[in-house]
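Here's run.txt, which has compact mmCIF, C-alpha atoms (C1' of nucleotides):
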```
# COMPACT_ATOMS: atom_id res chain seq x y z
CA MET A 1 0.00 0.00 0.00
CA PRO A 2 2.87 2.37 -0.55
CA VAL A 3 0.90 3.69 -3.49
CA ARG A 4 -1.00 6.23 -1.46
CA THR A 5 1.92 8.09 0.02
CA ALA A 6 2.98 9.90 -3.12
CA ALA A 7 -0.47 11.13 -3.99
CA LYS A 8 -1.22 11.92 -0.39
CA ARG A 9 1.89 13.99 0.07
CA ARG A 10 1.02 16.00 -2.98
CA GLN A 11 -2.42 16.59 -1.58
CA GLU A 12 -1.05 17.87 1.68
CA ALA A 13 1.48 19.99 -0.08
CA LYS A 14 -1.23 21.52 -2.16
CA ILE A 15 -3.40 22.32 0.82
CA ALA A 16 -0.50 23.89 2.63
CA TYR A 17 0.35 25.76 -0.49
CA ASP A 18 -3.14 27.11 -0.91
CA ALA A 19 -3.14 28.26 2.68
CA PHE A 20 0.15 29.96 2.05
CA LEU A 21 -1.26 31.74 -0.95
CA ALA A 22 -4.28 32.88 0.95
CA GLU A 23 -2.03 34.67 3.39
CA CYS A 24 0.50 36.09 1.01
CA PRO A 25 -0.36 39.74 0.35
CA SER A 26 1.74 40.14 -2.75
CA ARG A 27 0.27 37.00 -4.17
CA GLN A 28 -3.25 38.23 -3.60
CA LEU A 29 -2.49 41.54 -5.20
CA LEU A 30 -0.95 39.77 -8.12
CA ASP A 31 -4.04 37.68 -8.52
CA THR A 32 -6.06 40.84 -8.74
CA LEU A 33 -3.75 42.52 -11.18
CA SER A 34 -3.40 39.48 -13.33
CA ASP A 35 -7.02 39.89 -14.22
CA LYS A 36 -7.02 40.72 -17.88
CA TRP A 37 -8.98 43.94 -17.53
CA VAL A 38 -8.10 45.35 -14.14
CA THR A 39 -5.00 47.18 -15.25
CA LEU A 40 -6.70 48.53 -18.34
CA VAL A 41 -9.52 49.95 -16.28
CA LEU A 42 -7.10 51.38 -13.75
CA ASN A 43 -5.15 52.95 -16.54
CA ALA A 44 -8.23 54.38 -18.20
CA LEU A 45 -9.48 55.88 -14.97
CA ALA A 46 -6.13 57.51 -14.35
CA ASP A 47 -7.35 60.25 -16.66
CA GLY A 48 -10.25 61.01 -14.39
CA SER A 49 -13.82 60.00 -13.65
CA GLN A 50 -15.61 58.15 -16.41
CA ARG A 51 -18.91 56.57 -17.21
CA HIS A 52 -19.59 52.92 -17.79
CA SER A 53 -20.19 53.45 -21.49
CA GLU A 54 -17.13 55.65 -21.86
CA LEU A 55 -14.97 52.95 -20.40
CA ALA A 56 -16.59 50.37 -22.63
CA ARG A 57 -15.78 52.38 -25.70
CA ARG A 58 -12.32 53.28 -24.56
CA ILE A 59 -11.18 49.83 -23.69
CA ALA A 60 -12.76 48.38 -26.79
CA GLY A 61 -12.90 44.66 -26.71
CA VAL A 62 -14.39 44.15 -23.26
CA SER A 63 -17.76 42.56 -23.11
CA GLN A 64 -19.90 44.64 -20.80
CA LYS A 65 -20.14 41.62 -18.62
CA MET A 66 -16.44 41.63 -17.94
CA LEU A 67 -16.39 45.38 -17.56
CA THR A 68 -19.12 45.31 -14.96
CA GLN A 69 -17.49 42.39 -13.23
CA THR A 70 -14.13 44.13 -13.17
CA LEU A 71 -15.60 47.37 -11.89
CA ARG A 72 -17.42 45.50 -9.15
CA SER A 73 -14.31 43.78 -7.96
CA LEU A 74 -12.31 46.99 -8.01
CA GLU A 75 -15.03 48.73 -6.09
CA ARG A 76 -15.11 45.92 -3.57
CA ASP A 77 -11.37 46.30 -3.08
CA GLY A 78 -11.78 50.00 -2.45
CA LEU A 79 -9.74 50.90 -5.49
CA ILE A 80 -12.45 52.75 -7.33
CA ALA A 81 -15.53 54.65 -6.27
CA ARG A 82 -18.91 54.36 -7.91
CA SER A 83 -21.32 57.28 -7.95
CA VAL A 84 -24.86 57.09 -9.23
CA THR A 85 -26.72 60.14 -10.46
CA LEU A 86 -30.44 59.59 -10.69
CA ALA A 87 -31.83 61.13 -13.81
CA VAL A 88 -34.01 60.14 -16.73
CA PRO A 89 -31.45 57.66 -17.92
CA VAL A 90 -29.44 56.75 -14.87
CA ARG A 91 -25.89 58.00 -14.92
CA VAL A 92 -23.06 56.10 -13.27
CA ASP A 93 -19.52 57.35 -12.90
CA TYR A 94 -16.41 55.62 -11.71
CA GLU A 95 -13.21 57.14 -10.42
CA LEU A 96 -10.06 56.06 -8.67
CA THR A 97 -9.94 56.29 -4.91
CA ARG A 98 -6.76 57.37 -3.18
CA LEU A 99 -5.75 53.76 -2.83
CA GLY A 100 -6.55 53.05 -6.45
CA ALA A 101 -4.60 56.04 -7.67
CA ASP A 102 -1.70 54.95 -5.53
CA LEU A 103 -1.74 51.50 -7.01
CA GLU A 104 -2.00 52.92 -10.48
CA ARG A 105 1.14 54.90 -9.80
CA GLN A 106 2.95 51.74 -8.76
CA MET A 107 1.85 50.03 -11.90
CA ARG A 108 3.31 52.80 -13.94
CA GLY A 109 6.72 51.83 -12.65
CA LEU A 110 6.26 48.38 -14.01
CA LYS A 111 4.95 49.85 -17.21
CA HIS A 112 8.09 51.91 -17.65
CA TRP A 113 10.23 48.89 -17.01
CA ALA A 114 8.23 46.98 -19.59
CA GLU A 115 8.63 49.67 -22.19
CA ALA A 116 12.34 49.86 -21.52
CA HIS A 117 13.08 46.16 -21.52
CA MET A 118 10.46 44.55 -23.71
CA PRO A 119 12.75 44.80 -26.73
CA ASP A 120 15.30 42.71 -24.88
CA ILE A 121 12.69 40.10 -24.14
CA LEU A 122 11.44 40.06 -27.70
CA ALA A 123 14.99 39.74 -28.96
CA ALA A 124 15.55 36.84 -26.60
CA ARG A 125 12.45 35.15 -27.94
CA VAL A 126 13.53 35.51 -31.54
CA LYS A 127 16.92 34.12 -30.69
CA TYR A 128 15.41 31.25 -28.75
CA ASP A 129 12.94 30.40 -31.46
CA ALA A 130 15.61 30.55 -34.11
CA GLN A 131 17.11 27.70 -32.15
CA GLY A 132 18.93 28.62 -28.98
CA MET B 1 -30.32 43.55 -42.40
CA PRO B 2 -29.31 46.00 -39.74
CA VAL B 3 -28.84 43.05 -37.44
CA ARG B 4 -25.29 42.38 -38.55
CA THR B 5 -23.82 45.76 -37.81
CA ALA B 6 -23.72 45.42 -34.06
CA ALA B 7 -22.03 42.07 -34.03
CA LYS B 8 -19.73 43.07 -36.81
CA ARG B 9 -18.60 46.21 -35.09
CA ARG B 10 -17.76 44.23 -32.01
CA GLN B 11 -15.73 41.88 -34.13
CA GLU B 12 -13.73 44.70 -35.62
CA ALA B 13 -13.25 46.29 -32.26
CA LYS B 14 -11.94 43.05 -30.91
CA ILE B 15 -9.49 42.62 -33.73
CA ALA B 16 -8.24 46.15 -33.31
CA TYR B 17 -7.99 45.53 -29.62
CA ASP B 18 -5.97 42.39 -30.03
CA ALA B 19 -3.62 44.20 -32.36
CA PHE B 20 -3.29 46.90 -29.76
CA LEU B 21 -2.46 44.37 -27.11
CA ALA B 22 0.10 42.71 -29.29
CA GLU B 23 1.99 45.97 -29.50
CA CYS B 24 1.61 47.14 -25.94
CA PRO B 25 4.81 46.29 -24.06
CA SER B 26 3.39 46.72 -20.60
CA ARG B 27 0.46 44.54 -21.49
CA GLN B 28 2.71 41.80 -22.75
CA LEU B 29 4.79 41.89 -19.65
CA LEU B 30 1.69 41.76 -17.54
CA ASP B 31 0.50 38.73 -19.41
CA THR B 32 3.74 37.05 -18.55
CA LEU B 33 3.67 38.05 -14.92
CA SER B 34 0.05 37.15 -14.50
CA ASP B 35 1.03 33.56 -15.02
CA LYS B 36 0.38 31.87 -11.73
CA TRP B 37 3.87 30.48 -11.33
CA VAL B 38 6.17 32.96 -12.99
CA THR B 39 6.54 35.23 -10.01
CA LEU B 40 6.99 32.36 -7.63
CA VAL B 41 9.80 30.94 -9.72
CA LEU B 42 11.37 34.36 -10.09
CA ASN B 43 11.17 34.81 -6.38
CA ALA B 44 12.61 31.41 -5.61
CA LEU B 45 15.51 31.94 -7.97
CA ALA B 46 16.29 35.27 -6.39
CA ASP B 47 18.18 33.26 -3.77
CA GLY B 48 20.49 31.83 -6.36
CA SER B 49 20.84 29.01 -8.84
CA GLN B 50 18.63 26.03 -8.23
CA ARG B 51 17.82 22.65 -9.67
CA HIS B 52 14.55 21.55 -11.14
CA SER B 53 13.76 19.29 -8.23
CA GLU B 54 14.74 21.92 -5.70
CA LEU B 55 12.32 24.35 -7.24
CA ALA B 56 9.63 21.72 -7.32
CA ARG B 57 10.02 21.08 -3.62
CA ARG B 58 10.34 24.71 -2.75
CA ILE B 59 7.31 25.93 -4.59
CA ALA B 60 5.25 22.99 -3.43
CA GLY B 61 2.03 22.74 -5.29
CA VAL B 62 3.27 23.00 -8.82
CA SER B 63 2.85 20.01 -10.99
CA GLN B 64 6.17 19.39 -12.69
CA LYS B 65 4.39 19.99 -15.93
CA MET B 66 3.65 23.57 -15.02
CA LEU B 67 7.10 24.03 -13.57
CA THR B 68 8.77 22.88 -16.74
CA GLN B 69 6.40 24.95 -18.81
CA THR B 70 7.08 28.02 -16.73
CA LEU B 71 10.82 27.53 -16.81
CA ARG B 72 10.72 27.15 -20.58
CA SER B 73 8.81 30.34 -21.10
CA LEU B 74 11.10 32.25 -18.76
CA GLU B 75 14.11 30.87 -20.54
CA ARG B 76 12.64 31.86 -23.86
CA ASP B 77 12.17 35.38 -22.61
CA GLY B 78 15.77 35.54 -21.53
CA LEU B 79 14.83 35.94 -17.89
CA ILE B 80 16.49 32.78 -16.65
CA ALA B 81 19.42 30.70 -17.84
CA ARG B 82 19.45 26.96 -18.02
CA SER B 83 22.65 25.00 -17.61
CA VAL B 84 22.95 21.28 -18.09
CA THR B 85 25.67 19.24 -16.45
CA LEU B 86 26.06 15.83 -17.99
CA ALA B 87 26.59 13.24 -15.35
CA VAL B 88 25.18 9.89 -14.34
CA PRO B 89 21.85 11.40 -13.52
CA VAL B 90 21.69 14.55 -15.58
CA ARG B 91 21.82 17.72 -13.58
CA VAL B 92 20.04 20.88 -14.65
CA ASP B 93 20.34 24.22 -12.93
CA TYR B 94 18.41 27.41 -13.43
CA GLU B 95 19.39 30.91 -12.47
CA LEU B 96 18.25 34.44 -13.10
CA THR B 97 19.88 36.36 -15.89
CA ARG B 98 20.66 40.03 -15.50
CA LEU B 99 17.34 40.87 -17.04
CA GLY B 100 15.52 38.41 -14.84
CA ALA B 101 17.17 39.71 -11.71
CA ASP B 102 16.26 43.21 -12.75
CA LEU B 103 12.65 42.27 -13.21
CA GLU B 104 12.63 40.48 -9.91
CA ARG B 105 13.80 43.67 -8.27
CA GLN B 106 10.95 45.57 -9.85
CA MET B 107 8.50 43.02 -8.62
CA ARG B 108 9.76 43.48 -5.13
CA GLY B 109 8.49 47.03 -5.25
CA LEU B 110 5.02 45.80 -5.98
CA LYS B 111 5.41 43.22 -3.28
CA HIS B 112 6.21 45.91 -0.74
CA TRP B 113 3.22 47.93 -1.84
CA ALA B 114 1.06 44.84 -1.48
CA GLU B 115 2.31 44.14 2.01
CA ALA B 116 1.74 47.72 3.01
CA HIS B 117 -1.72 48.17 1.54
CA MET B 118 -3.30 44.76 1.46
CA PRO B 119 -4.89 45.36 4.87
CA ASP B 120 -6.67 48.38 3.41
CA ILE B 121 -7.99 46.29 0.58
CA LEU B 122 -9.09 43.52 2.87
CA ALA B 123 -10.81 46.03 5.10
CA ALA B 124 -12.57 47.49 2.08
CA ARG B 125 -13.79 44.04 1.16
CA VAL B 126 -15.17 43.31 4.56
CA LYS B 127 -16.95 46.63 4.56
CA TYR B 128 -18.31 46.05 1.07
CA ASP B 129 -19.49 42.55 1.84
CA ALA B 130 -21.13 43.68 5.05
CA GLN B 131 -23.21 45.79 2.72
CA GLY B 132 -21.53 48.93 1.42
C1' DC C 1 -28.17 53.47 -20.13
C1' DG C 2 -26.50 50.38 -16.50
C1' DG C 3 -26.28 45.73 -15.27
C1' DG C 4 -28.12 41.11 -13.69
C1' DA C 5 -28.89 36.06 -15.19
C1' DT C 6 -28.09 32.19 -18.34
C1' DC C 7 -25.92 29.19 -21.48
C1' DC C 8 -22.04 27.46 -23.76
C1' DC C 9 -17.55 26.65 -25.16
C1' DT C 10 -12.60 27.19 -25.24
C1' DG C 11 -8.34 26.36 -23.21
C1' DC C 12 -5.77 26.10 -19.09
C1' DT C 13 -4.41 23.02 -15.54
C1' DG C 14 -3.40 18.84 -13.26
C1' DA C 15 -2.89 13.61 -12.85
C1' DT C 16 -0.77 9.73 -14.94
C1' DA C 17 2.45 7.21 -17.32
C1' DC C 18 6.51 6.70 -20.28
C1' DT C 19 11.47 7.91 -22.40
C1' DG C 20 16.56 9.05 -21.83
C1' DC D 1 16.39 13.19 -12.22
C1' DA D 2 14.74 15.96 -16.25
C1' DG D 3 11.40 16.11 -19.59
C1' DT D 4 7.40 14.75 -22.89
C1' DA D 5 2.70 13.05 -24.20
C1' DT D 6 -1.98 12.07 -23.38
C1' DC D 7 -6.41 12.63 -21.35
C1' DA D 8 -10.06 14.59 -18.50
C1' DG D 9 -12.21 18.30 -15.57
C1' DC D 10 -13.39 22.70 -14.69
C1' DA D 11 -13.44 27.83 -14.59
C1' DG D 12 -13.09 32.01 -17.19
C1' DG D 13 -14.92 34.65 -20.52
C1' DG D 14 -18.15 35.77 -24.26
C1' DA D 15 -22.83 36.12 -26.42
C1' DT D 16 -27.61 36.80 -25.60
C1' DC D 17 -31.73 38.06 -23.46
C1' DC D 18 -34.19 40.67 -20.12
C1' DC D 19 -35.11 44.03 -16.21
C1' DG D 20 -35.18 48.94 -13.78
```

Mind converting the file's structure to structure tokens?
Amino acid sequence: MPVRTAAKRRQEAKIAYDAFLAECPSRQLLDTLSDKWVTLVLNALADGSQRHSELARRIAGVSQKMLTQTLRSLERDGLIARSVTLAVPVRVDYELTRLGADLERQMRGLKHWAEAHMPDILAARVKYDAQG
Amino acid sequence: MPVRTAAKRRQEAKIAYDAFLAECPSRQLLDTLSDKWVTLVLNALADGSQRHSELARRIAGVSQKMLTQTLRSLERDGLIARSVTLAVPVRVDYELTRLGADLERQMRGLKHWAEAHMPDILAARVKYDAQG
DNA sequence: CGGGATCCCTGCTGATACTG
DNA sequence: CAGTATCAGCAGGGATCCCG
């Protein structure tokens, strides 16, 4: 019955690992940021308050489902603020909170790095693909 | 036949969007980083050269498939270097390249931000869930 | 106009087993 | 020990329809 040990150990490792992830702040943040649209929305809102439809047009390619979903999650995390103006057609605006703006600023650092070093990475890929 | 326009426009928008993404350096980098394991590997290798099996044990939870896959993609991007030592059992070591180490340093900035502000985010969530 | 609810499908991920 | 190949399961994301 030594068969179980291997699988069992993996199971335990995985559980421990998941627990670890759940408590790792940087990992959690990364999970948030890794969402395909989060950074785009953050970036778009860096220019100031915007409406749902404005964002939809600006980001072009989001289904409104994902946009709504993304906005919800950002709102939940306190990164953006949602303000509703009751009128004939309801008007909803979104804007970065302090925290959100702060995060956006951090992201810009990464963005700069990316713009500076992406050529290197692309070059490496070409080289690798050409048979490294 | 006005029915087609809407769907068609979305199609075009999506194509344009994809093209945009393909050229956006920061987006590309983000796609790489958003990979579940990339940052963990980067982080692990920050402590110096390590073997495949060492990484597997250290990261605990990766299937070796994903580990290999991740290592390959990082190697392709020129972020890590792979060195093979032929011996009785083959020995393979991985280490960060200059570029990789540089990126890892950048990531640490984000990590610090995460550690500093994650409590705020968590608090926001609790508040939101408790009915915001 | 903003957004909730459903359905469906793609593709990522992991488990397993095999080669060198 | 390092790596590849195959298969199956499931979640993420999109399209569509409908409500306030």

Tell me as a ChimeraX atom specification which residues belonging to chain D come within 10 Å of chain A, counting all atoms listed in the file.
/D:13-15,20

Same residues, C-alpha atoms (C1' of nucleotides), output as a compact mmCIF listing (two decimals), keeping the file's coordinate frame:
```
# COMPACT_ATOMS: atom_id res chain seq x y z
C1' DG D 13 -14.92 34.65 -20.52
C1' DG D 14 -18.15 35.77 -24.26
C1' DA D 15 -22.83 36.12 -26.42
C1' DG D 20 -35.18 48.94 -13.78
```

Find the residues of chain B that sit at most 6 Å from chain A; for each, write down the nearest two atoms and how far apart they are in Å, to one decimal. Count only C-alpha atoms. Sort by chain, then by number going up, and give it as a Markdown table.
```
| residue | atom | partner | partner_atom | distance |
| --- | --- | --- | --- | --- |
| B:Ala13 | CA | A:Gly61 | CA | 5.8 |
| B:Lys14 | CA | A:Gly61 | CA | 4.6 |
| B:Tyr17 | CA | A:Gly61 | CA | 5.8 |
| B:Pro25 | CA | A:Glu115 | CA | 5.4 |
| B:Ser26 | CA | A:Lys111 | CA | 4.9 |
| B:Ser34 | CA | A:Ser34 | CA | 4.3 |
| B:Ala60 | CA | A:Ala13 | CA | 5.9 |
| B:Gly61 | CA | A:Lys14 | CA | 4.7 |
| B:Arg76 | CA | A:Arg125 | CA | 5.2 |
| B:Asp77 | CA | A:Ile121 | CA | 5.0 |
| B:Gly78 | CA | A:Ala124 | CA | 5.2 |
| B:Lys111 | CA | A:Ser26 | CA | 4.8 |
| B:Ala114 | CA | A:Ser26 | CA | 4.9 |
| B:Glu115 | CA | A:Pro25 | CA | 5.4 |
| B:Met118 | CA | A:Pro25 | CA | 5.9 |
| B:Ile121 | CA | A:Asp77 | CA | 5.0 |
| B:Ala124 | CA | A:Gly78 | CA | 5.2 |
| B:Arg125 | CA | A:Arg76 | CA | 5.3 |
| B:Tyr128 | CA | A:Arg76 | CA | 5.6 |
```

Please find the residues of chain C near chain A - the criterion being any atom within 8 Å, counting all atoms listed in the file - and write them as a list in words.
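Close to chain A, chain C has DC1, DG2 and DG3 of chain C.
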
Enter the distance from CA of Trp37 in chain A to CA of Ser83 in chain A, in Å, rounded to one decimal.
20.5 Å

In the coordinates of the file, take the point (-30.1, 32.3, -14.2) and a cut-off of 12 Å; then, counting all atoms listed in the file, name each qualifying protein, DNA or RNA residue as a list of chain:residue names.
C:DG4, C:DA5, C:DT6, C:DC7, D:DC17, D:DC18

Pairwise distance for CA of Asp93 in chain B and C1' of DG20 in chain C, rounded to one decimal in Å:
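For CA of Asp93 in chain B relative to C1' of DG20 in chain C, the distance reads 18.0 Å.
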
Show which residues sit within 10 Å of range 16-19 of chain C, as a PyMOL selection string. Count all atoms listed in the file, and ignore same-chain residues fewer than 6 positions away.
chain D and resi 3-7

Of the candidates A:Ala46, A:Thr70, A:Arg58, A:Ala130, which shows the shortest atom-to-atom distance to Glu95 in chain A, using all atoms listed in the file?
A:Ala46

Which residue is closest to Leu45 in chain A? Choose from A:Glu23, A:Leu86, A:Ala101, A:Leu67 and count all atoms listed in the file.
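Answer, going by the shortest atom-to-atom distance: A:Ala101.
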
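Among B:Gln131, B:Asn43, B:Glu104, B:Gln50, the residue with the shortest atom-to-atom distance to Arg82 in chain B, counting only C-alpha atoms, is B:Gln50.
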